[in-house]
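Here's start37.cif, which has mmCIF, N, CA and C atoms:
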data_work
#
loop_
_atom_site.label_atom_id
_atom_site.label_comp_id
_atom_site.auth_asym_id
_atom_site.auth_seq_id
_atom_site.Cartn_x
_atom_site.Cartn_y
_atom_site.Cartn_z
N MET A 218 0.84 -1.18 0.00
CA MET A 218 0.00 0.00 0.00
C MET A 218 0.89 1.24 0.00
N LEU A 219 0.58 2.13 -0.90
CA LEU A 219 1.30 3.39 -1.01
C LEU A 219 0.64 4.42 -0.08
N LYS A 220 1.45 5.03 0.77
CA LYS A 220 0.95 6.09 1.65
C LYS A 220 1.51 7.43 1.16
N LEU A 221 0.68 8.43 1.21
CA LEU A 221 1.11 9.76 0.80
C LEU A 221 2.32 10.22 1.61
N SER A 222 2.32 9.95 2.89
CA SER A 222 3.44 10.36 3.74
C SER A 222 4.76 9.73 3.28
N GLU A 223 4.71 8.50 2.77
CA GLU A 223 5.92 7.84 2.28
C GLU A 223 6.49 8.56 1.05
N ILE A 224 5.59 9.02 0.18
CA ILE A 224 6.06 9.78 -0.99
C ILE A 224 6.71 11.08 -0.53
N LEU A 225 6.07 11.77 0.38
CA LEU A 225 6.59 13.06 0.84
C LEU A 225 7.95 12.91 1.53
N VAL A 226 8.16 11.83 2.25
CA VAL A 226 9.43 11.61 2.94
C VAL A 226 10.52 11.17 1.98
N SER A 227 10.17 10.29 1.05
CA SER A 227 11.19 9.72 0.16
C SER A 227 11.52 10.60 -1.04
N ARG A 228 10.62 11.48 -1.41
CA ARG A 228 10.83 12.31 -2.61
C ARG A 228 11.02 13.77 -2.23
N LYS A 229 12.18 14.08 -1.70
CA LYS A 229 12.49 15.46 -1.29
C LYS A 229 12.62 16.41 -2.48
N ASP A 230 12.68 15.85 -3.69
CA ASP A 230 12.82 16.68 -4.89
C ASP A 230 11.50 17.31 -5.33
N ILE A 231 10.39 16.86 -4.78
CA ILE A 231 9.09 17.41 -5.16
C ILE A 231 8.91 18.76 -4.48
N GLU A 232 8.60 19.78 -5.29
CA GLU A 232 8.51 21.14 -4.75
C GLU A 232 7.14 21.77 -4.92
N SER A 233 6.19 21.04 -5.55
CA SER A 233 4.87 21.63 -5.78
C SER A 233 3.81 20.53 -5.78
N PHE A 234 2.56 20.95 -5.70
CA PHE A 234 1.48 19.98 -5.72
C PHE A 234 1.42 19.24 -7.05
N SER A 235 1.68 19.92 -8.14
CA SER A 235 1.65 19.24 -9.44
C SER A 235 2.75 18.18 -9.52
N GLY A 236 3.89 18.44 -8.91
CA GLY A 236 4.94 17.44 -8.85
C GLY A 236 4.53 16.24 -8.02
N LEU A 237 3.78 16.49 -6.97
CA LEU A 237 3.26 15.40 -6.14
C LEU A 237 2.25 14.56 -6.92
N GLN A 238 1.39 15.22 -7.68
CA GLN A 238 0.44 14.48 -8.52
C GLN A 238 1.18 13.56 -9.48
N ASP A 239 2.24 14.07 -10.09
CA ASP A 239 3.04 13.26 -11.01
C ASP A 239 3.64 12.05 -10.30
N ALA A 240 4.14 12.26 -9.09
CA ALA A 240 4.75 11.16 -8.33
C ALA A 240 3.72 10.10 -7.97
N VAL A 241 2.52 10.53 -7.60
CA VAL A 241 1.44 9.59 -7.29
C VAL A 241 1.07 8.80 -8.53
N GLN A 242 0.96 9.48 -9.64
CA GLN A 242 0.63 8.82 -10.90
C GLN A 242 1.73 7.84 -11.31
N ASP A 243 2.97 8.21 -11.14
CA ASP A 243 4.09 7.33 -11.46
C ASP A 243 4.06 6.06 -10.60
N ALA A 244 3.74 6.22 -9.33
CA ALA A 244 3.67 5.05 -8.43
C ALA A 244 2.56 4.10 -8.88
N ALA A 245 1.43 4.65 -9.29
CA ALA A 245 0.33 3.81 -9.77
C ALA A 245 0.73 3.07 -11.04
N ARG A 246 1.40 3.75 -11.92
CA ARG A 246 1.85 3.12 -13.16
C ARG A 246 2.91 2.05 -12.90
N ALA A 247 3.65 2.20 -11.81
CA ALA A 247 4.69 1.23 -11.46
C ALA A 247 4.11 -0.02 -10.80
N GLY A 248 2.81 -0.02 -10.54
CA GLY A 248 2.18 -1.23 -10.02
C GLY A 248 1.55 -1.13 -8.64
N GLU A 249 1.65 0.02 -7.99
CA GLU A 249 0.96 0.15 -6.69
C GLU A 249 -0.53 -0.05 -6.90
N ARG A 250 -1.16 -0.77 -6.01
CA ARG A 250 -2.58 -1.07 -6.19
C ARG A 250 -3.48 -0.29 -5.24
N PHE A 251 -2.93 0.12 -4.10
CA PHE A 251 -3.73 0.83 -3.11
C PHE A 251 -3.02 2.11 -2.70
N PHE A 252 -3.81 3.12 -2.39
CA PHE A 252 -3.27 4.43 -2.05
C PHE A 252 -4.01 4.96 -0.83
N ARG A 253 -3.25 5.38 0.16
CA ARG A 253 -3.84 5.91 1.38
C ARG A 253 -3.36 7.34 1.61
N ILE A 254 -4.31 8.22 1.80
CA ILE A 254 -3.99 9.62 2.10
C ILE A 254 -3.97 9.76 3.61
N ASP A 255 -2.78 9.95 4.18
CA ASP A 255 -2.65 10.00 5.63
C ASP A 255 -2.14 11.34 6.16
N VAL A 256 -1.78 12.24 5.26
CA VAL A 256 -1.33 13.59 5.64
C VAL A 256 -1.74 14.57 4.54
N LYS A 257 -1.73 15.85 4.89
CA LYS A 257 -2.01 16.89 3.91
C LYS A 257 -0.68 17.36 3.31
N PRO A 258 -0.63 17.51 2.00
CA PRO A 258 0.61 17.99 1.37
C PRO A 258 0.98 19.38 1.88
N PRO A 259 2.28 19.64 2.08
CA PRO A 259 2.73 20.90 2.67
C PRO A 259 2.98 22.03 1.67
N TYR A 260 2.61 21.85 0.42
CA TYR A 260 2.96 22.83 -0.61
C TYR A 260 2.00 24.02 -0.61
N PRO A 261 2.52 25.22 -0.84
CA PRO A 261 1.67 26.41 -0.83
C PRO A 261 0.62 26.41 -1.95
N ASP A 262 0.87 25.66 -3.02
CA ASP A 262 -0.09 25.64 -4.13
C ASP A 262 -1.09 24.47 -4.02
N THR A 263 -1.17 23.84 -2.85
CA THR A 263 -2.11 22.72 -2.66
C THR A 263 -3.54 23.27 -2.73
N PRO A 264 -4.35 22.75 -3.66
CA PRO A 264 -5.72 23.25 -3.80
C PRO A 264 -6.64 22.67 -2.72
N GLU A 265 -7.81 23.27 -2.60
CA GLU A 265 -8.76 22.80 -1.60
C GLU A 265 -9.24 21.38 -1.87
N ASP A 266 -9.33 21.01 -3.14
CA ASP A 266 -9.80 19.66 -3.48
C ASP A 266 -8.63 18.69 -3.71
N TRP A 267 -7.58 18.86 -2.94
CA TRP A 267 -6.35 18.09 -3.13
C TRP A 267 -6.56 16.59 -3.01
N GLU A 268 -7.42 16.16 -2.10
CA GLU A 268 -7.65 14.72 -1.93
C GLU A 268 -8.23 14.10 -3.20
N GLU A 269 -9.22 14.77 -3.76
CA GLU A 269 -9.84 14.26 -4.99
C GLU A 269 -8.85 14.23 -6.14
N ARG A 270 -8.02 15.25 -6.21
CA ARG A 270 -7.03 15.32 -7.30
C ARG A 270 -5.99 14.21 -7.19
N LEU A 271 -5.56 13.92 -5.96
CA LEU A 271 -4.58 12.84 -5.80
C LEU A 271 -5.20 11.48 -6.07
N GLU A 272 -6.44 11.29 -5.64
CA GLU A 272 -7.14 10.03 -5.95
C GLU A 272 -7.30 9.87 -7.46
N ALA A 273 -7.62 10.96 -8.15
CA ALA A 273 -7.77 10.90 -9.60
C ALA A 273 -6.43 10.58 -10.27
N ALA A 274 -5.36 11.16 -9.77
CA ALA A 274 -4.05 10.88 -10.34
C ALA A 274 -3.69 9.41 -10.14
N PHE A 275 -4.00 8.86 -8.98
CA PHE A 275 -3.68 7.47 -8.69
C PHE A 275 -4.53 6.51 -9.52
N SER A 276 -5.78 6.83 -9.70
CA SER A 276 -6.68 5.92 -10.41
C SER A 276 -6.61 6.07 -11.93
N GLY A 277 -5.80 7.02 -12.40
CA GLY A 277 -5.60 7.17 -13.82
C GLY A 277 -6.59 8.08 -14.52
N LEU A 278 -7.33 8.87 -13.76
CA LEU A 278 -8.29 9.78 -14.35
C LEU A 278 -7.64 11.04 -14.90
N ILE A 279 -6.39 11.29 -14.49
CA ILE A 279 -5.62 12.41 -15.01
C ILE A 279 -4.60 11.85 -15.98
N ARG A 280 -4.54 12.39 -17.15
CA ARG A 280 -3.61 11.87 -18.17
C ARG A 280 -2.45 12.81 -18.35
#

So that I can check it, write out the structure of this file as structure tokens.
Amino acid sequence: MLKLSEILVSRKDIESFSGLQDAVQDAARAGERFFRIDVKPPYPDTPEDWEERLEAAFSGLIR
């Protein structure tokens, strides 16, 4: 199971919410099957609907 906190800790190179979306999407494409949102992203550009956007990125709804 992929946890959002694990991405944030392991990927110090991510500097924006869009970069985080890309990382979530990459993890899904690499074979992760489950995604758990356990923290709020710390980026200043994090939108109000961030949870839905990350779920969409993981499930492949964002291309």

Notebook entry, point to check: Which residue out of A:Lys257, A:Ile224, A:Pro264, A:Ala273 has the minimum interatomic distance to Ala244 (chain A) when only C-alpha atoms are used?
Noted result: A:Ile224

Checklist line | Distance of CA of Arg246 (chain A) from atom C of Pro261 (chain A), expressed in Å to one decimal place | finding: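 Between atom C of Pro261 (chain A) and CA of Arg246 (chain A) the gap works out to 25.9 Å.
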
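Residues lying within 7 Å of Arg250 (chain A), counting all atoms listed in the file and ignoring same-chain neighbours fewer than 3 positions away, are A:Met218, A:Leu219, A:Ala244, A:Ala245.
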
Margin query: Need the shell around region 254-256 of chain A: protein/DNA/RNA residues with any atom at most 6 Å away, counting all atoms listed in the file. Skip same-chain ones fewer than 2 positions apart. Format as a ChimeraX atom specification?
Written below: /A:220-222,252,258

Checklist line | Nearest candidate to Gly277 (chain A) (options A:Glu223, A:Lys229, A:Asp243, A:Phe234; using only C-alpha atoms) | finding: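 For Gly277 (chain A), the nearest of the candidates is A:Asp243.
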
Repair of region 255-274 of chain A at the level of N, CA, C and O atoms, as a PDB file, in the coordinates of the input:
ATOM      1  N   ASP A 255      -2.780   9.950   4.180  1.00  0.00           N
ATOM      2  CA  ASP A 255      -2.650  10.000   5.630  1.00  0.00           C
ATOM      3  C   ASP A 255      -2.140  11.340   6.160  1.00  0.00           C
ATOM      4  O   ASP A 255      -2.081  11.540   7.363  1.00  0.00           O
ATOM      5  N   VAL A 256      -1.780  12.240   5.260  1.00  0.00           N
ATOM      6  CA  VAL A 256      -1.330  13.590   5.640  1.00  0.00           C
ATOM      7  C   VAL A 256      -1.740  14.570   4.540  1.00  0.00           C
ATOM      8  O   VAL A 256      -2.023  14.171   3.416  1.00  0.00           O
ATOM      9  N   LYS A 257      -1.730  15.850   4.890  1.00  0.00           N
ATOM     10  CA  LYS A 257      -2.010  16.890   3.910  1.00  0.00           C
ATOM     11  C   LYS A 257      -0.680  17.360   3.310  1.00  0.00           C
ATOM     12  O   LYS A 257       0.283  17.587   4.048  1.00  0.00           O
ATOM     13  N   PRO A 258      -0.630  17.510   2.000  1.00  0.00           N
ATOM     14  CA  PRO A 258       0.610  17.990   1.370  1.00  0.00           C
ATOM     15  C   PRO A 258       0.980  19.380   1.880  1.00  0.00           C
ATOM     16  O   PRO A 258       0.119  20.239   2.067  1.00  0.00           O
ATOM     17  N   PRO A 259       2.280  19.640   2.080  1.00  0.00           N
ATOM     18  CA  PRO A 259       2.730  20.900   2.670  1.00  0.00           C
ATOM     19  C   PRO A 259       2.980  22.030   1.670  1.00  0.00           C
ATOM     20  O   PRO A 259       3.504  23.071   2.042  1.00  0.00           O
ATOM     21  N   TYR A 260       2.610  21.850   0.420  1.00  0.00           N
ATOM     22  CA  TYR A 260       2.960  22.830  -0.610  1.00  0.00           C
ATOM     23  C   TYR A 260       2.000  24.020  -0.610  1.00  0.00           C
ATOM     24  O   TYR A 260       0.796  23.858  -0.425  1.00  0.00           O
ATOM     25  N   PRO A 261       2.520  25.220  -0.840  1.00  0.00           N
ATOM     26  CA  PRO A 261       1.670  26.410  -0.830  1.00  0.00           C
ATOM     27  C   PRO A 261       0.620  26.410  -1.950  1.00  0.00           C
ATOM     28  O   PRO A 261      -0.414  27.066  -1.820  1.00  0.00           O
ATOM     29  N   ASP A 262       0.870  25.660  -3.020  1.00  0.00           N
ATOM     30  CA  ASP A 262      -0.090  25.640  -4.130  1.00  0.00           C
ATOM     31  C   ASP A 262      -1.090  24.470  -4.020  1.00  0.00           C
ATOM     32  O   ASP A 262      -1.805  24.183  -4.981  1.00  0.00           O
ATOM     33  N   THR A 263      -1.170  23.840  -2.850  1.00  0.00           N
ATOM     34  CA  THR A 263      -2.110  22.720  -2.660  1.00  0.00           C
ATOM     35  C   THR A 263      -3.540  23.270  -2.730  1.00  0.00           C
ATOM     36  O   THR A 263      -3.907  24.139  -1.935  1.00  0.00           O
ATOM     37  N   PRO A 264      -4.350  22.750  -3.660  1.00  0.00           N
ATOM     38  CA  PRO A 264      -5.720  23.250  -3.800  1.00  0.00           C
ATOM     39  C   PRO A 264      -6.640  22.670  -2.720  1.00  0.00           C
ATOM     40  O   PRO A 264      -6.284  21.709  -2.026  1.00  0.00           O
ATOM     41  N   GLU A 265      -7.810  23.270  -2.600  1.00  0.00           N
ATOM     42  CA  GLU A 265      -8.760  22.800  -1.600  1.00  0.00           C
ATOM     43  C   GLU A 265      -9.240  21.380  -1.870  1.00  0.00           C
ATOM     44  O   GLU A 265      -9.518  20.635  -0.937  1.00  0.00           O
ATOM     45  N   ASP A 266      -9.330  21.010  -3.140  1.00  0.00           N
ATOM     46  CA  ASP A 266      -9.800  19.660  -3.480  1.00  0.00           C
ATOM     47  C   ASP A 266      -8.630  18.690  -3.710  1.00  0.00           C
ATOM     48  O   ASP A 266      -8.690  17.795  -4.539  1.00  0.00           O
ATOM     49  N   TRP A 267      -7.580  18.860  -2.940  1.00  0.00           N
ATOM     50  CA  TRP A 267      -6.350  18.090  -3.130  1.00  0.00           C
ATOM     51  C   TRP A 267      -6.560  16.590  -3.010  1.00  0.00           C
ATOM     52  O   TRP A 267      -5.941  15.811  -3.730  1.00  0.00           O
ATOM     53  N   GLU A 268      -7.420  16.160  -2.100  1.00  0.00           N
ATOM     54  CA  GLU A 268      -7.650  14.720  -1.930  1.00  0.00           C
ATOM     55  C   GLU A 268      -8.230  14.100  -3.200  1.00  0.00           C
ATOM     56  O   GLU A 268      -7.768  13.042  -3.653  1.00  0.00           O
ATOM     57  N   GLU A 269      -9.220  14.770  -3.760  1.00  0.00           N
ATOM     58  CA  GLU A 269      -9.840  14.260  -4.990  1.00  0.00           C
ATOM     59  C   GLU A 269      -8.850  14.230  -6.140  1.00  0.00           C
ATOM     60  O   GLU A 269      -8.822  13.298  -6.940  1.00  0.00           O
ATOM     61  N   ARG A 270      -8.020  15.250  -6.210  1.00  0.00           N
ATOM     62  CA  ARG A 270      -7.030  15.320  -7.300  1.00  0.00           C
ATOM     63  C   ARG A 270      -5.990  14.210  -7.190  1.00  0.00           C
ATOM     64  O   ARG A 270      -5.577  13.623  -8.183  1.00  0.00           O
ATOM     65  N   LEU A 271      -5.560  13.920  -5.960  1.00  0.00           N
ATOM     66  CA  LEU A 271      -4.580  12.840  -5.800  1.00  0.00           C
ATOM     67  C   LEU A 271      -5.200  11.480  -6.070  1.00  0.00           C
ATOM     68  O   LEU A 271      -4.577  10.611  -6.680  1.00  0.00           O
ATOM     69  N   GLU A 272      -6.440  11.290  -5.640  1.00  0.00           N
ATOM     70  CA  GLU A 272      -7.140  10.030  -5.950  1.00  0.00           C
ATOM     71  C   GLU A 272      -7.300   9.870  -7.460  1.00  0.00           C
ATOM     72  O   GLU A 272      -7.125   8.779  -7.994  1.00  0.00           O
ATOM     73  N   ALA A 273      -7.620  10.960  -8.150  1.00  0.00           N
ATOM     74  CA  ALA A 273      -7.770  10.900  -9.600  1.00  0.00           C
ATOM     75  C   ALA A 273      -6.430  10.580 -10.270  1.00  0.00           C
ATOM     76  O   ALA A 273      -6.386   9.795 -11.227  1.00  0.00           O
ATOM     77  N   ALA A 274      -5.360  11.160  -9.770  1.00  0.00           N
ATOM     78  CA  ALA A 274      -4.050  10.880 -10.340  1.00  0.00           C
ATOM     79  C   ALA A 274      -3.690   9.410 -10.140  1.00  0.00           C
ATOM     80  O   ALA A 274      -3.165   8.755 -11.041  1.00  0.00           O
TER      81      ALA A 274
END
